[in-house]
Amino acid sequence: RYADAGTVLNIHTRAAENGYATGFDVMQGTKAGFNNTNVYAKYNHGPHQFSLDYRLELRNAANCDEQDTYTFKDGDKRATYDYSGTYHFGYASHDFNLKYLFTHGDSVNFQAKFTPSIFTWFWNSNMDINAEGNPLWANGTQDKRQRRNSFSPSLDLYFDRKLPGGHEIMLNAVGTLFHNKQHVHNIQNDETQQTLDDDMRQHNNKYSFIGEAAYTKDWGRTQLALGYRAALAKSDYRITNILSDYKEYDYNATDDKHYAYAQLNGSIAKIGYRVSLGATYINTSNDDTHFHKLYFTPDALLSYNVKNGALRLRGKMSTITPNISSLSNNSTVTIPGLLYSGNPWLKSALDKQIGLTYSLNLPWLNMDLTAEARKIDNDFSTYYQWQTIDGNRVIVGRDENCDYLLNYGFAGSLTIRPFSNDLLTIGVETGYKWQKEKSDIIGVHRHHYMPLAWTVDFRKGCWGAEYYQCIPHKQLNGSFINSAENTQNLIVYYQKKQLMVGIVCIFPFAAAKYNDSILDNDVLDKHGWNRVTSQKRTFCITLSYNLFSGKQNNAEKKLNNKDNDKGF
């Protein structure tokens with residue numbers, strides 16, 4: 001009895017309990033060579049957490065179909081190589097994470113994560129060749145073998161600390177080593193002799209370090225953020241190819257990127273804002289040349305809440321650096337007389353974006369509609385030019401900086417729940433895009449396209465089903481027009497609490513198919529398509545299960561950095 005006490009505090013104290021979490025999900029194809037697997041385990045003891053997880057992605061597809069047609073243009077002369085046949089490709093990606101987390105309330109978080117990753121890839125093709133228009137060319141066959149292997153251990157350290165008075169400090173450091181081997185062996189024979197034997201081998205070690213520090217200060221509805229991020233990379237290559245007469249030589253390339261910013265977040269009445277003033281310094285260097293430049297890279301977001309939705313205006317400038325391997329001078333022979341080479345003189349690109357988004361959220365309908373424009377100055381595109389190498393007149397393709405690539409148009413997503421629940425959900429993603437590319441090498445090209453994808457979901461009790469399909473569109477990609485994947489996925493599943501069992505059918509109606517065509521130019525005409533025939537109507541069994549007990553720690557990192565450029 002507390003008599004007439006107005007407020008009573010009843011406080012219980014006890015030691016933090018321990019806990020664990022473990023689970024897996026697997027999708028195994030009934031045909032050989034299709035598997036996605038994830039496994040994880042966590043153990044919590046007071047403020048400490050130890051965890052391990054593993055991810056596998058495996059593909060192995062034989063008897064795929066391919067055709068490529070190359071037409072060499074040299075003034076009024078025309079010569080054509082037509083390649084048609086089958087290929088066999090596969091890859092395996094193994095990602096391990098061993099993690100330690102220390103968390104003390106909401107004030108201190110420390111995380112150390114060790115990630116060794118293993119990646120293997122192969123592509124073998126056998127082609128019949130039909131040659132026309134050049135008396136030196138004859139019909140024949142091609143046998144091409146390609147391999148890539150990479151081992152990349154990484155260490156990721158993260159720390160954040162909240163201090164009295166609304167201060168917070170965050171630190172993140174990621175170090176990665178990539179140990180790579182790459183091999184391309186391209187043999188071509190005509191009816192009487194061997195016309196090509198290109199055996200390119202590349203070994204490289206890439207070392208990278210990414211460090212970021214950030215500081216924030218809160219004043220109620222306003223927050224100031226200051227930050228700096230450095231990304232440093234170096235790759236040492238050992239290369240043998242046809243241009244070096246198969247004598248090994250060394251090549252070195254480095255890539256440094258530094259970004260500093262000051263950001264202010266807050267709101268005034270119904271308007272929210274985030275304004276960031278930043279600068280980015282790029283420095284790339286290799287055995288042939290070096291490049292450095294300072295860019296102004298601001299970022300701003302304005303948001304305004306309206307009834308059942310919001311308006312958002314976003315403007316951003318950022319830099320794009322070429323892959324470090326693009327800065328090497330390695331070369332491979334695609335077909336006789338056609339080479340692909342790296343370009344040590346590539347410069348960084350500047351990406352400028354602006355977009356206005358309207359969002360509407362109702363119990364039975366969600367919609368996002370965006371009008372956007374994006375211009376990339378000095379974008380990277382692969383161009384082909386006649387050159388004389390070792391006394392031979394050949395076509396060389398390599399990445400070059402175009403003047404700019406311009407994308408603008410509309411994009412939207414619509415989700416409808418006719419019954420205002422999960423019984424039936426219909427989703428559509430579409431838009432209309434215009435593209436323009438200007439280059440001193442091939443002039444001005446324009447293209448427009450309409451992406452379209454749709455999803456139907458059904459859920460009743462423990463049972464559910466989903467169908468997703470992407471209608472392929474063709475998009476300007478550098479000097480090529482490439483088609484999107486004609487993705488189709490159908491799944492039927494049963495889910496009860498932490499258990500889910502399902503059957504998935506991938507590409508139930510048509511095999512995955514890809515098309516590419518080079519833009520019109522005075523040097524080379526190329527058209528190609530390939531189809532993953534063997535994985536049409538691939539059925540998979542999918543199974544997921546999780547167990548939880550006791551205390552769970554789920555601290556979120558506020559700084560996340562990772563190097564995804566292996567250096568191939």
# chains A, B, ... in the order shown; residues from 1 in each chain; ligands from 1
>>> residues_around(residues="Gln353 in chain A", least_positions_apart="3", cutoff="7 Å", atoms="only C-alpha atoms", output="MDAnalysis selection string")
chainID A and resid 315:317 373:375
>>> write_last_selection(atoms="all heavy atoms", output="short mmCIF file (atom, residue, chain, number, x, y, z; two decimals), in the first residue's frame")
data_model
loop_
_atom_site.label_atom_id
_atom_site.label_comp_id
_atom_site.auth_asym_id
_atom_site.auth_seq_id
_atom_site.Cartn_x
_atom_site.Cartn_y
_atom_site.Cartn_z
N GLY A 315 20.72 16.98 -54.35
CA GLY A 315 21.79 17.35 -55.28
C GLY A 315 23.11 16.85 -54.75
O GLY A 315 23.38 16.94 -53.54
N LYS A 316 23.95 16.31 -55.63
CA LYS A 316 25.18 15.69 -55.16
C LYS A 316 26.25 15.73 -56.25
O LYS A 316 25.94 15.56 -57.44
CB LYS A 316 24.90 14.24 -54.76
CG LYS A 316 26.11 13.48 -54.24
CD LYS A 316 25.72 12.04 -53.89
CE LYS A 316 26.92 11.27 -53.36
NZ LYS A 316 26.57 9.85 -53.04
N MET A 317 27.49 15.96 -55.83
CA MET A 317 28.64 15.83 -56.72
C MET A 317 29.63 14.87 -56.06
O MET A 317 29.91 14.98 -54.87
CB MET A 317 29.30 17.20 -56.97
CG MET A 317 28.42 18.18 -57.73
SD MET A 317 29.15 19.83 -57.87
CE MET A 317 30.59 19.48 -58.88
N ALA A 373 18.36 14.00 -63.12
CA ALA A 373 19.35 14.28 -64.17
C ALA A 373 20.72 13.95 -63.60
O ALA A 373 21.01 14.23 -62.43
CB ALA A 373 19.28 15.73 -64.62
N ARG A 374 21.56 13.36 -64.44
CA ARG A 374 22.91 12.97 -64.02
C ARG A 374 23.87 13.20 -65.17
O ARG A 374 23.65 12.72 -66.28
CB ARG A 374 22.93 11.50 -63.60
CG ARG A 374 24.27 11.01 -63.12
CD ARG A 374 24.22 9.52 -62.79
NE ARG A 374 25.47 9.05 -62.22
CZ ARG A 374 25.76 7.77 -62.00
NH1 ARG A 374 24.86 6.84 -62.31
NH2 ARG A 374 26.92 7.42 -61.49
N LYS A 375 24.94 13.94 -64.89
CA LYS A 375 25.98 14.20 -65.89
C LYS A 375 27.32 13.76 -65.33
O LYS A 375 27.70 14.17 -64.23
CB LYS A 375 26.03 15.68 -66.27
CG LYS A 375 27.03 15.99 -67.38
CD LYS A 375 27.10 17.47 -67.65
CE LYS A 375 28.11 17.76 -68.77
NZ LYS A 375 28.32 19.21 -68.97
#
>>> residues_around(residues="Gln146 in chain A", least_positions_apart="2", cutoff="6 Å", atoms="only C-alpha atoms", output="compact mmCIF listing (two decimals) with N, CA, C and O atoms, in the first residue's frame")
# COMPACT_ATOMS: atom_id res chain seq x y z
N PHE A 122 35.99 -19.19 -63.97
CA PHE A 122 36.52 -19.70 -65.24
C PHE A 122 35.49 -19.50 -66.34
O PHE A 122 34.28 -19.38 -66.09
N TRP A 123 35.98 -19.45 -67.58
CA TRP A 123 35.13 -19.31 -68.77
C TRP A 123 35.86 -20.00 -69.92
O TRP A 123 36.91 -19.54 -70.35
N HIS A 183 44.64 -15.68 -66.02
CA HIS A 183 45.21 -16.38 -67.16
C HIS A 183 44.19 -16.41 -68.29
O HIS A 183 43.04 -16.78 -68.09
N VAL A 184 44.61 -15.99 -69.48
CA VAL A 184 43.78 -16.06 -70.68
C VAL A 184 44.61 -16.74 -71.77
O VAL A 184 45.65 -16.21 -72.17
>>> select_by_dssp(residues="range 98-310 of chain A", states="strand (DSSP E or B)", output="PyMOL selection string")
chain A and resi 98-104+108-132+140-163+167-190+194-219+222-240+249-268+271-286+290-296+299-306+309-310
>>> atom_distance(atom1="CA of Val306 in chain A", atom2="CA of Pro363 in chain A")
16.1 Å
>>> select_by_dssp(residues="range 137-385 of chain A", states="helix (DSSP H, G or I)", output="PyMOL selection string")
chain A and resi 242-244+324-327
>>> closest_residue(among="A:Leu313, A:Cys64, A:Ile518, A:Ile187", to="Ile481 in chain A", atoms="only C-alpha atoms")
A:Ile518
>>> residues_around(residues="Pro135 in chain A", least_positions_apart="6", cutoff="12 Å", atoms="only C-alpha atoms", output="PyMOL selection string")
chain A and resi 77-80
>>> write_last_selection(atoms="N, CA, C and O atoms", output="mmCIF file, in the first residue's frame")
data_model
loop_
_atom_site.group_PDB
_atom_site.id
_atom_site.type_symbol
_atom_site.label_atom_id
_atom_site.label_comp_id
_atom_site.auth_asym_id
_atom_site.auth_seq_id
_atom_site.Cartn_x
_atom_site.Cartn_y
_atom_site.Cartn_z
ATOM 1 N N LYS A 77 37.351 -0.799 -97.202
ATOM 2 C CA LYS A 77 37.513 -2.237 -97.007
ATOM 3 C C LYS A 77 36.656 -2.722 -95.845
ATOM 4 O O LYS A 77 36.525 -2.049 -94.824
ATOM 5 N N ARG A 78 36.082 -3.927 -96.025
ATOM 6 C CA ARG A 78 35.295 -4.555 -94.973
ATOM 7 C C ARG A 78 35.715 -6.020 -94.864
ATOM 8 O O ARG A 78 35.850 -6.714 -95.876
ATOM 9 N N ALA A 79 35.921 -6.482 -93.643
ATOM 10 C CA ALA A 79 36.246 -7.885 -93.410
ATOM 11 C C ALA A 79 35.502 -8.342 -92.156
ATOM 12 O O ALA A 79 35.441 -7.602 -91.163
ATOM 13 N N THR A 80 34.959 -9.540 -92.198
ATOM 14 C CA THR A 80 34.090 -10.007 -91.120
ATOM 15 C C THR A 80 34.560 -11.342 -90.559
ATOM 16 O O THR A 80 34.916 -12.262 -91.304
#
>>> closest_residue(among="A:Glu400, A:Glu485, A:Asp190, A:Asp156", to="Ser326 in chain A", atoms="only C-alpha atoms")
A:Glu400
>>> atom_distance(atom1="CA of Ser93 in chain A", atom2="CA of Ile118 in chain A")
6.0 Å
>>> residues_around(residues="range 174-178 of chain A", least_positions_apart="6", cutoff="8 Å", atoms="only C-alpha atoms", output="PyMOL selection string")
chain A and resi 150-157+204-211+561-563+566-567
>>> closest_residue(among="A:His104, A:Lys73, A:Arg459, A:Arg161", to="Gly46 in chain A", atoms="only C-alpha atoms")
A:His104
>>> residues_around(residues="range 526-533 of chain A", least_positions_apart="4", cutoff="6 Å", atoms="only C-alpha atoms", output="list in words")
Cys64, Asp65, Glu66, Gln67, Asp68, Thr69, Tyr70, Ala511, Ala512, Lys513, Tyr514, Asn515, Asp516, Ser517 and Ile518 of chain A
>>> residues_around(residues="Lys162 in chain A", least_positions_apart="5", cutoff="8 Å", atoms="only C-alpha atoms", output="VMD selection string")
chain A and resid 106 to 108 167 to 169
>>> write_last_selection(atoms="N, CA, C and O atoms", output="compact mmCIF listing (two decimals), in the first residue's frame")
# COMPACT_ATOMS: atom_id res chain seq x y z
N ASP A 106 24.59 2.44 -24.85
CA ASP A 106 24.58 3.18 -26.11
C ASP A 106 25.76 4.13 -26.20
O ASP A 106 25.81 4.99 -27.07
N SER A 107 26.75 3.97 -25.30
CA SER A 107 27.82 4.96 -25.22
C SER A 107 29.11 4.52 -25.90
O SER A 107 29.85 5.35 -26.43
N VAL A 108 29.42 3.21 -25.90
CA VAL A 108 30.67 2.73 -26.47
C VAL A 108 30.41 1.50 -27.32
O VAL A 108 29.70 0.58 -26.88
N HIS A 167 28.17 15.05 -27.87
CA HIS A 167 29.32 14.80 -28.74
C HIS A 167 29.42 13.31 -29.05
O HIS A 167 29.11 12.47 -28.21
N GLU A 168 29.91 12.98 -30.25
CA GLU A 168 30.15 11.59 -30.61
C GLU A 168 31.34 11.52 -31.56
O GLU A 168 31.48 12.32 -32.48
N ILE A 169 32.19 10.50 -31.34
CA ILE A 169 33.37 10.28 -32.17
C ILE A 169 33.26 8.89 -32.78
O ILE A 169 32.94 7.92 -32.09
>>> closest_residue(among="A:Thr280, A:Asn186, A:Gln498, A:Thr22", to="Thr321 in chain A", atoms="only C-alpha atoms")
A:Thr280
>>> decode(residues="range 266-278 of chain A", atoms="all heavy atoms", output="CSV table (one decimal), in the first residue's frame")
chain,number,residue,atom,x,y,z
A,266,GLY,N,19.3,19.3,-39.9
A,266,GLY,CA,18.3,19.8,-39.0
A,266,GLY,C,17.0,20.0,-39.7
A,266,GLY,O,16.7,19.5,-40.8
A,267,SER,N,16.1,20.8,-39.1
A,267,SER,CA,14.8,21.0,-39.6
A,267,SER,C,14.3,22.4,-39.2
A,267,SER,O,14.6,22.9,-38.1
A,267,SER,CB,13.8,19.9,-39.2
A,267,SER,OG,13.7,19.9,-37.7
A,268,ILE,N,13.5,23.0,-40.1
A,268,ILE,CA,12.9,24.3,-39.8
A,268,ILE,C,11.4,24.1,-40.2
A,268,ILE,O,11.1,23.9,-41.4
A,268,ILE,CB,13.5,25.4,-40.6
A,268,ILE,CG1,15.0,25.6,-40.2
A,268,ILE,CG2,12.8,26.7,-40.3
A,268,ILE,CD1,15.8,26.6,-41.1
A,269,ALA,N,10.5,24.2,-39.2
A,269,ALA,CA,9.1,23.9,-39.4
A,269,ALA,C,9.0,22.5,-40.1
A,269,ALA,O,9.4,21.6,-39.5
A,269,ALA,CB,8.5,25.0,-40.3
A,270,LYS,N,8.4,22.5,-41.3
A,270,LYS,CA,8.2,21.2,-41.9
A,270,LYS,C,9.3,20.8,-42.9
A,270,LYS,O,9.3,19.7,-43.5
A,270,LYS,CB,6.9,21.2,-42.7
A,270,LYS,CG,5.6,21.2,-41.9
A,270,LYS,CD,4.4,21.1,-42.8
A,270,LYS,CE,3.1,21.1,-42.0
A,270,LYS,NZ,1.9,20.9,-42.8
A,271,ILE,N,10.3,21.6,-43.0
A,271,ILE,CA,11.4,21.4,-43.9
A,271,ILE,C,12.6,20.8,-43.2
A,271,ILE,O,13.1,21.4,-42.2
A,271,ILE,CB,11.8,22.7,-44.6
A,271,ILE,CG1,10.6,23.3,-45.4
A,271,ILE,CG2,13.0,22.5,-45.6
A,271,ILE,CD1,10.9,24.6,-46.1
A,272,GLY,N,13.0,19.7,-43.6
A,272,GLY,CA,14.3,19.1,-43.1
A,272,GLY,C,15.4,19.3,-44.1
A,272,GLY,O,15.2,19.4,-45.3
A,273,TYR,N,16.6,19.5,-43.6
A,273,TYR,CA,17.7,19.8,-44.5
A,273,TYR,C,19.0,19.0,-44.1
A,273,TYR,O,19.1,18.7,-42.9
A,273,TYR,CB,18.0,21.3,-44.5
A,273,TYR,CG,18.4,21.8,-43.2
A,273,TYR,CD1,19.8,21.8,-42.8
A,273,TYR,CD2,17.5,22.4,-42.3
A,273,TYR,CE1,20.2,22.4,-41.6
A,273,TYR,CE2,17.9,22.9,-41.1
A,273,TYR,CZ,19.2,22.9,-40.7
A,273,TYR,OH,19.6,23.4,-39.5
A,274,ARG,N,19.8,18.7,-45.0
A,274,ARG,CA,21.2,18.2,-44.8
A,274,ARG,C,22.1,18.8,-45.9
A,274,ARG,O,21.9,18.6,-47.1
A,274,ARG,CB,21.2,16.7,-44.9
A,274,ARG,CG,22.5,16.1,-44.6
A,274,ARG,CD,22.6,14.6,-44.8
A,274,ARG,NE,22.6,14.3,-46.3
A,274,ARG,CZ,22.1,13.2,-46.8
A,274,ARG,NH1,21.5,12.3,-46.0
A,274,ARG,NH2,22.1,13.0,-48.1
A,275,VAL,N,23.0,19.6,-45.4
A,275,VAL,CA,23.9,20.3,-46.3
A,275,VAL,C,25.3,19.9,-46.0
A,275,VAL,O,25.8,20.1,-44.8
A,275,VAL,CB,23.7,21.9,-46.2
A,275,VAL,CG1,24.7,22.6,-47.2
A,275,VAL,CG2,22.3,22.3,-46.5
A,276,SER,N,26.0,19.5,-47.0
A,276,SER,CA,27.4,19.0,-46.8
A,276,SER,C,28.3,19.7,-47.8
A,276,SER,O,28.1,19.7,-49.0
A,276,SER,CB,27.5,17.5,-46.9
A,276,SER,OG,28.9,17.1,-46.9
A,277,LEU,N,29.4,20.4,-47.3
A,277,LEU,CA,30.4,21.0,-48.1
A,277,LEU,C,31.6,20.1,-48.0
A,277,LEU,O,32.2,19.9,-46.9
A,277,LEU,CB,30.7,22.4,-47.7
A,277,LEU,CG,29.6,23.4,-47.7
A,277,LEU,CD1,30.0,24.8,-47.2
A,277,LEU,CD2,29.0,23.5,-49.2
A,278,GLY,N,32.0,19.6,-49.2
A,278,GLY,CA,33.1,18.6,-49.2
A,278,GLY,C,34.1,18.9,-50.3
A,278,GLY,O,33.8,19.5,-51.3
